[in-house]
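Below is entry-v8.cif, which holds mmCIF, C-alpha atoms.
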```
data_data
#
loop_
_atom_site.label_atom_id
_atom_site.label_comp_id
_atom_site.auth_asym_id
_atom_site.auth_seq_id
_atom_site.Cartn_x
_atom_site.Cartn_y
_atom_site.Cartn_z
CA MET A 1 39.38 -2.12 2.61
CA ALA A 2 39.28 -5.81 3.63
CA ASN A 3 36.08 -5.19 5.57
CA ILE A 4 34.44 -3.54 2.54
CA THR A 5 35.60 -6.44 0.34
CA GLN A 6 34.02 -8.91 2.79
CA LYS A 7 30.78 -6.92 2.79
CA LEU A 8 30.69 -6.88 -1.02
CA LYS A 9 31.26 -10.64 -1.04
CA ILE A 10 28.32 -11.10 1.34
CA LEU A 11 26.09 -9.09 -1.00
CA THR A 12 27.22 -11.02 -4.07
CA GLU A 13 26.70 -14.38 -2.36
CA SER A 14 23.19 -13.39 -1.25
CA LYS A 15 22.04 -13.82 -4.90
CA LYS A 16 19.96 -10.66 -4.55
CA THR A 17 20.37 -7.69 -6.87
CA VAL A 18 18.58 -5.03 -4.81
CA PHE A 19 18.94 -4.06 -1.14
CA ARG A 20 17.33 -1.70 1.33
CA THR A 21 19.45 -0.27 4.10
CA LYS A 22 17.86 -2.67 6.60
CA ASN A 23 18.77 -5.62 4.30
CA LEU A 24 22.39 -4.48 4.32
CA GLN A 25 22.24 -4.07 8.10
CA SER A 26 20.98 -7.62 8.53
CA LEU A 27 23.38 -9.19 6.02
CA TRP A 28 26.39 -7.38 7.45
CA ASP A 29 25.31 -7.74 11.08
CA GLU A 30 26.01 -4.04 11.72
CA ASP A 31 24.14 -1.31 13.53
CA TYR A 32 22.24 1.18 11.37
CA ARG A 33 24.82 3.96 11.58
CA ASN A 34 27.74 1.75 10.52
CA THR A 35 25.63 0.24 7.73
CA VAL A 36 24.94 3.68 6.26
CA ILE A 37 28.65 4.61 6.50
CA TYR A 38 29.77 1.39 4.78
CA ALA A 39 27.13 1.77 2.08
CA LYS A 40 28.20 5.37 1.38
CA ARG A 41 31.85 4.33 1.15
CA MET A 42 30.99 1.49 -1.23
CA VAL A 43 28.96 3.86 -3.44
CA VAL A 44 31.86 6.37 -3.54
CA LYS A 45 34.24 3.56 -4.54
CA GLY A 46 31.81 2.39 -7.25
CA LEU A 47 31.35 -1.04 -5.64
CA ILE A 48 27.57 -0.64 -5.37
CA LEU A 49 25.10 1.89 -6.79
CA LYS A 50 22.56 3.98 -4.91
CA LEU A 51 19.20 3.98 -6.70
CA ALA A 52 17.31 6.19 -4.29
CA LYS A 53 17.40 7.01 -0.61
CA GLY A 54 17.75 3.69 1.19
CA TYR A 55 17.92 1.54 -1.99
CA TYR A 56 21.14 0.03 -3.34
CA VAL A 57 22.03 -2.33 -6.19
CA LEU A 58 25.13 -4.33 -7.07
CA ASN A 59 25.18 -2.96 -10.62
CA LYS A 60 22.96 -1.59 -13.38
CA GLU A 61 21.77 -5.12 -14.25
CA TYR A 62 19.46 -5.33 -11.23
CA SER A 63 15.98 -6.86 -11.38
CA VAL A 64 13.25 -4.20 -11.54
CA TYR A 65 10.82 -6.89 -10.40
CA GLU A 66 12.90 -7.65 -7.33
CA LEU A 67 12.93 -3.92 -6.56
CA ALA A 68 9.13 -3.84 -6.91
CA ASN A 69 8.83 -6.54 -4.24
CA LEU A 70 11.28 -4.68 -2.01
CA ILE A 71 9.60 -1.24 -2.19
CA ILE A 72 6.32 -2.66 -0.85
CA SER A 73 6.43 -5.93 1.02
CA PRO A 74 4.40 -8.06 0.81
CA SER A 75 3.62 -7.58 -2.86
CA TYR A 76 3.75 -9.51 -6.10
CA VAL A 77 4.39 -8.37 -9.66
CA SER A 78 1.24 -8.63 -11.77
CA PHE A 79 -0.72 -7.17 -14.70
CA ASN A 80 1.28 -6.45 -17.86
CA SER A 81 4.56 -6.57 -15.92
CA ALA A 82 3.93 -10.22 -15.02
CA LEU A 83 2.73 -10.97 -18.56
CA LEU A 84 6.02 -9.53 -19.88
CA PHE A 85 8.03 -11.43 -17.23
CA ASN A 86 6.34 -14.67 -18.35
CA GLY A 87 6.74 -14.02 -22.09
CA VAL A 88 3.02 -13.58 -22.76
CA CYS A 89 3.28 -9.91 -23.69
CA PHE A 90 6.15 -8.30 -25.57
CA GLN A 91 5.39 -4.64 -24.82
CA VAL A 92 7.98 -3.11 -22.52
CA SER A 93 6.92 -0.29 -20.22
CA ASN A 94 8.70 2.02 -17.82
CA THR A 95 6.01 1.20 -15.23
CA VAL A 96 6.31 -1.92 -13.11
CA GLN A 97 2.87 -2.95 -11.88
CA ALA A 98 2.27 -4.94 -8.72
CA VAL A 99 -0.43 -5.94 -6.25
CA SER A 100 -0.15 -5.24 -2.52
CA LEU A 101 -2.38 -4.32 0.39
CA LEU A 102 -2.23 -0.60 -0.38
CA ASN A 103 -2.31 1.76 -3.33
CA TYR A 104 1.10 3.31 -3.79
CA GLN A 105 3.33 4.74 -6.47
CA LYS A 106 7.05 5.50 -6.35
CA GLU A 107 9.46 6.71 -8.99
CA VAL A 108 12.95 5.22 -8.81
CA GLY A 109 15.38 6.14 -11.54
CA ASP A 110 13.55 6.10 -14.87
CA ARG A 111 10.80 3.73 -13.71
CA ILE A 112 7.49 4.07 -11.94
CA TYR A 113 6.51 1.34 -9.48
CA LYS A 114 2.73 1.23 -9.17
CA TYR A 115 0.82 -0.86 -6.63
CA GLN A 116 -2.89 -1.69 -6.56
CA SER A 117 -4.58 -2.59 -3.29
CA MET A 118 -6.30 -5.96 -3.16
CA LYS A 119 -8.63 -7.40 -0.51
CA LYS A 120 -6.65 -9.45 2.03
CA ASP A 121 -8.39 -12.79 1.44
CA LEU A 122 -7.67 -12.71 -2.29
CA PHE A 123 -4.17 -11.24 -1.87
CA PHE A 124 -3.06 -13.89 0.62
CA ASN A 125 -4.38 -16.72 -1.55
CA ALA A 126 -0.99 -17.68 -3.01
CA GLU A 127 -2.43 -19.81 -5.81
CA GLY A 128 -1.02 -18.55 -9.09
CA ILE A 129 1.86 -16.64 -7.51
CA ASP A 130 5.35 -17.96 -8.17
CA PHE A 131 8.61 -17.13 -6.45
CA LYS A 132 11.44 -17.11 -9.00
CA ASN A 133 14.87 -15.46 -8.75
CA ASN A 134 13.96 -13.49 -5.59
CA VAL A 135 10.75 -12.24 -7.24
CA SER A 136 7.12 -12.90 -6.30
CA VAL A 137 5.29 -12.79 -9.62
CA ALA A 138 1.81 -13.72 -10.79
CA SER A 139 1.45 -16.56 -13.26
CA PRO A 140 0.12 -15.41 -16.64
CA GLU A 141 -3.32 -16.66 -15.63
CA ARG A 142 -3.38 -14.79 -12.32
CA ALA A 143 -1.99 -11.64 -13.98
CA LEU A 144 -4.86 -11.78 -16.48
CA LEU A 145 -7.42 -12.27 -13.68
CA ASP A 146 -5.87 -9.41 -11.68
CA SER A 147 -6.16 -7.20 -14.76
CA PHE A 148 -9.88 -7.97 -15.06
CA TYR A 149 -10.33 -7.50 -11.29
CA PHE A 150 -8.81 -4.00 -11.39
CA GLY A 151 -10.05 -3.00 -14.85
CA VAL A 152 -6.53 -2.80 -16.27
CA VAL A 153 -6.15 -3.49 -20.00
CA ALA A 154 -4.10 -6.68 -20.38
CA ASN A 155 -1.69 -6.93 -23.31
CA VAL A 156 -1.65 -10.57 -24.35
CA ASP A 157 0.49 -11.20 -27.43
CA ASP A 158 0.80 -14.98 -27.08
CA TRP A 159 -2.49 -16.62 -26.01
CA ASP A 160 -0.85 -20.06 -26.31
CA LYS A 161 1.05 -19.31 -23.09
CA ILE A 162 -2.21 -18.98 -21.15
CA ASN A 163 -3.31 -22.29 -19.63
CA LYS A 164 -7.08 -22.12 -20.12
CA THR A 165 -7.84 -24.90 -17.61
CA TYR A 166 -5.72 -23.23 -14.92
CA LEU A 167 -7.22 -19.82 -15.77
CA ASN A 168 -10.74 -21.17 -15.22
CA LYS A 169 -9.67 -22.89 -11.99
CA LEU A 170 -8.09 -19.69 -10.61
CA ALA A 171 -11.11 -17.63 -11.70
CA GLY A 172 -13.12 -19.38 -8.98
CA ASN A 173 -11.18 -17.34 -6.40
CA TYR A 174 -12.29 -14.03 -7.95
CA PRO A 175 -15.65 -12.21 -7.84
CA LEU A 176 -18.39 -13.28 -10.24
CA SER A 177 -17.81 -10.19 -12.41
CA VAL A 178 -14.26 -11.43 -13.16
CA GLN A 179 -15.48 -14.99 -13.77
CA LYS A 180 -18.01 -13.63 -16.27
CA LYS A 181 -15.27 -11.73 -18.16
CA ILE A 182 -13.28 -14.98 -18.44
CA LYS A 183 -16.32 -16.81 -19.84
CA ASP A 184 -16.90 -13.94 -22.28
CA LEU A 185 -13.39 -14.48 -23.69
CA LYS A 186 -14.57 -17.86 -25.05
CA LEU A 187 -11.09 -19.41 -24.78
#
```
If you took the structure in this file and wrote it as structure tokens, what would it be?
Amino acid sequence: MANITQKLKILTESKKTVFRTKNLQSLWDEDYRNTVIYAKRMVVKGLILKLAKGYYVLNKEYSVYELANLIISPSYVSFNSALLFNGVCFQVSNTVQAVSLLNYQKEVGDRIYKYQSMKKDLFFNAEGIDFKNNVSVASPERALLDSFYFGVVANVDDWDKINKTYLNKLAGNYPLSVQKKIKDLKL
């Protein structure tokens, strides 16, 4: 039991809330087989929870945004999910939306994790992407621009939280069609 206690302590001290099997393997410095055995034992004892095959959490209070970044890496949370994360939109959804280099969708628990594929040059331009609490998330301005770029309806409930100067600056990185939509907003 001491070894399992040590492994739980390592997970808690990592400050992460979500883990893939390979994360556990790295943190515990174990081979894959032993990692799976330890994880199964910890799940049976109720020390960690298994979300889906290969995905584990410390408890039910895990970050859905952190999980979104873990399912597809690299990725960043965007669209209405980022607007909600940043307090710009108040409409909760069971879909967590993100941007990555491929289109993908995965259901884990009661949530859908949906990824939109972005061109590499725009995706790897990190301007407007913040890393907070183990989560890569678009700023409200970038989330709004991503929404226009992909034709996703953006739910903005608090326009005061959108920095218009920064929005216009970031818009320069996007195609002219997106820049035109920003000008049409007349902010």
Translate the PyMOL selection byres ((chain A and resi 122-134) around 12) into a concrete residue list for this structure, as a count of residues only.
58
One number please: atom CA of A:Gln179 to atom CA of A:Ile72, in Å, one decimal.
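Between atom CA of A:Gln179 and atom CA of A:Ile72 the gap works out to 28.2 Å.
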Could you tell me which residues the PyMOL selection byres ((chain A and resi 90) around 9) grabs in this file, written as a list in words?
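With the shown file as input, the PyMOL selection byres ((chain A and resi 90) around 9) matches Leu83, Leu84, Gly87, Val88, Cys89, Gln91, Val92, Asn155, Val156, Asp157 and Asp158 of chain A.
The spacing separating atom CA of A:Gly151 from atom CA of A:Ile71 amounts to 23.4 Å.
Across the structure, atom CA of A:Ser93 and atom CA of A:Lys60 are spaced 17.5 Å apart.
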Residue list as number ranges by chain for point (20.6, -1.2, 8.1), cut-off 10 Å, only C-alpha atoms
A: 19-36, 39, 54
Nearest-residue call for A:Lys40, choices A:Ser73, A:Ile4, A:Lys9, A:Lys183, using only C-alpha atoms:
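That would be A:Ile4, the residue with the smallest distance to A:Lys40.
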Pick out the residues sitting within 10 Å of A:Ala52, and hand them over as a PyMOL selection string; count all atoms listed in the file, and ignore anything fewer than 5 positions along from it in its own chain.
chain A and resi 20+57+107-109
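Using all atoms listed in the file, the smallest distance between any of A:Tyr56, A:Tyr113, A:Phe148, A:Phe79 and A:Thr95 comes from A:Tyr113.
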Edge lengths and centre, in Å to one decimal, as JSON: that's what I need for the box along x, y and z that holds all listed atoms of stretch 63-82 of chain A plus 3 Å on each side.
```
{"center_x": 7.6, "center_y": -5.7, "center_z": -8.4, "size_x": 22.7, "size_y": 15.0, "size_z": 24.9}
```
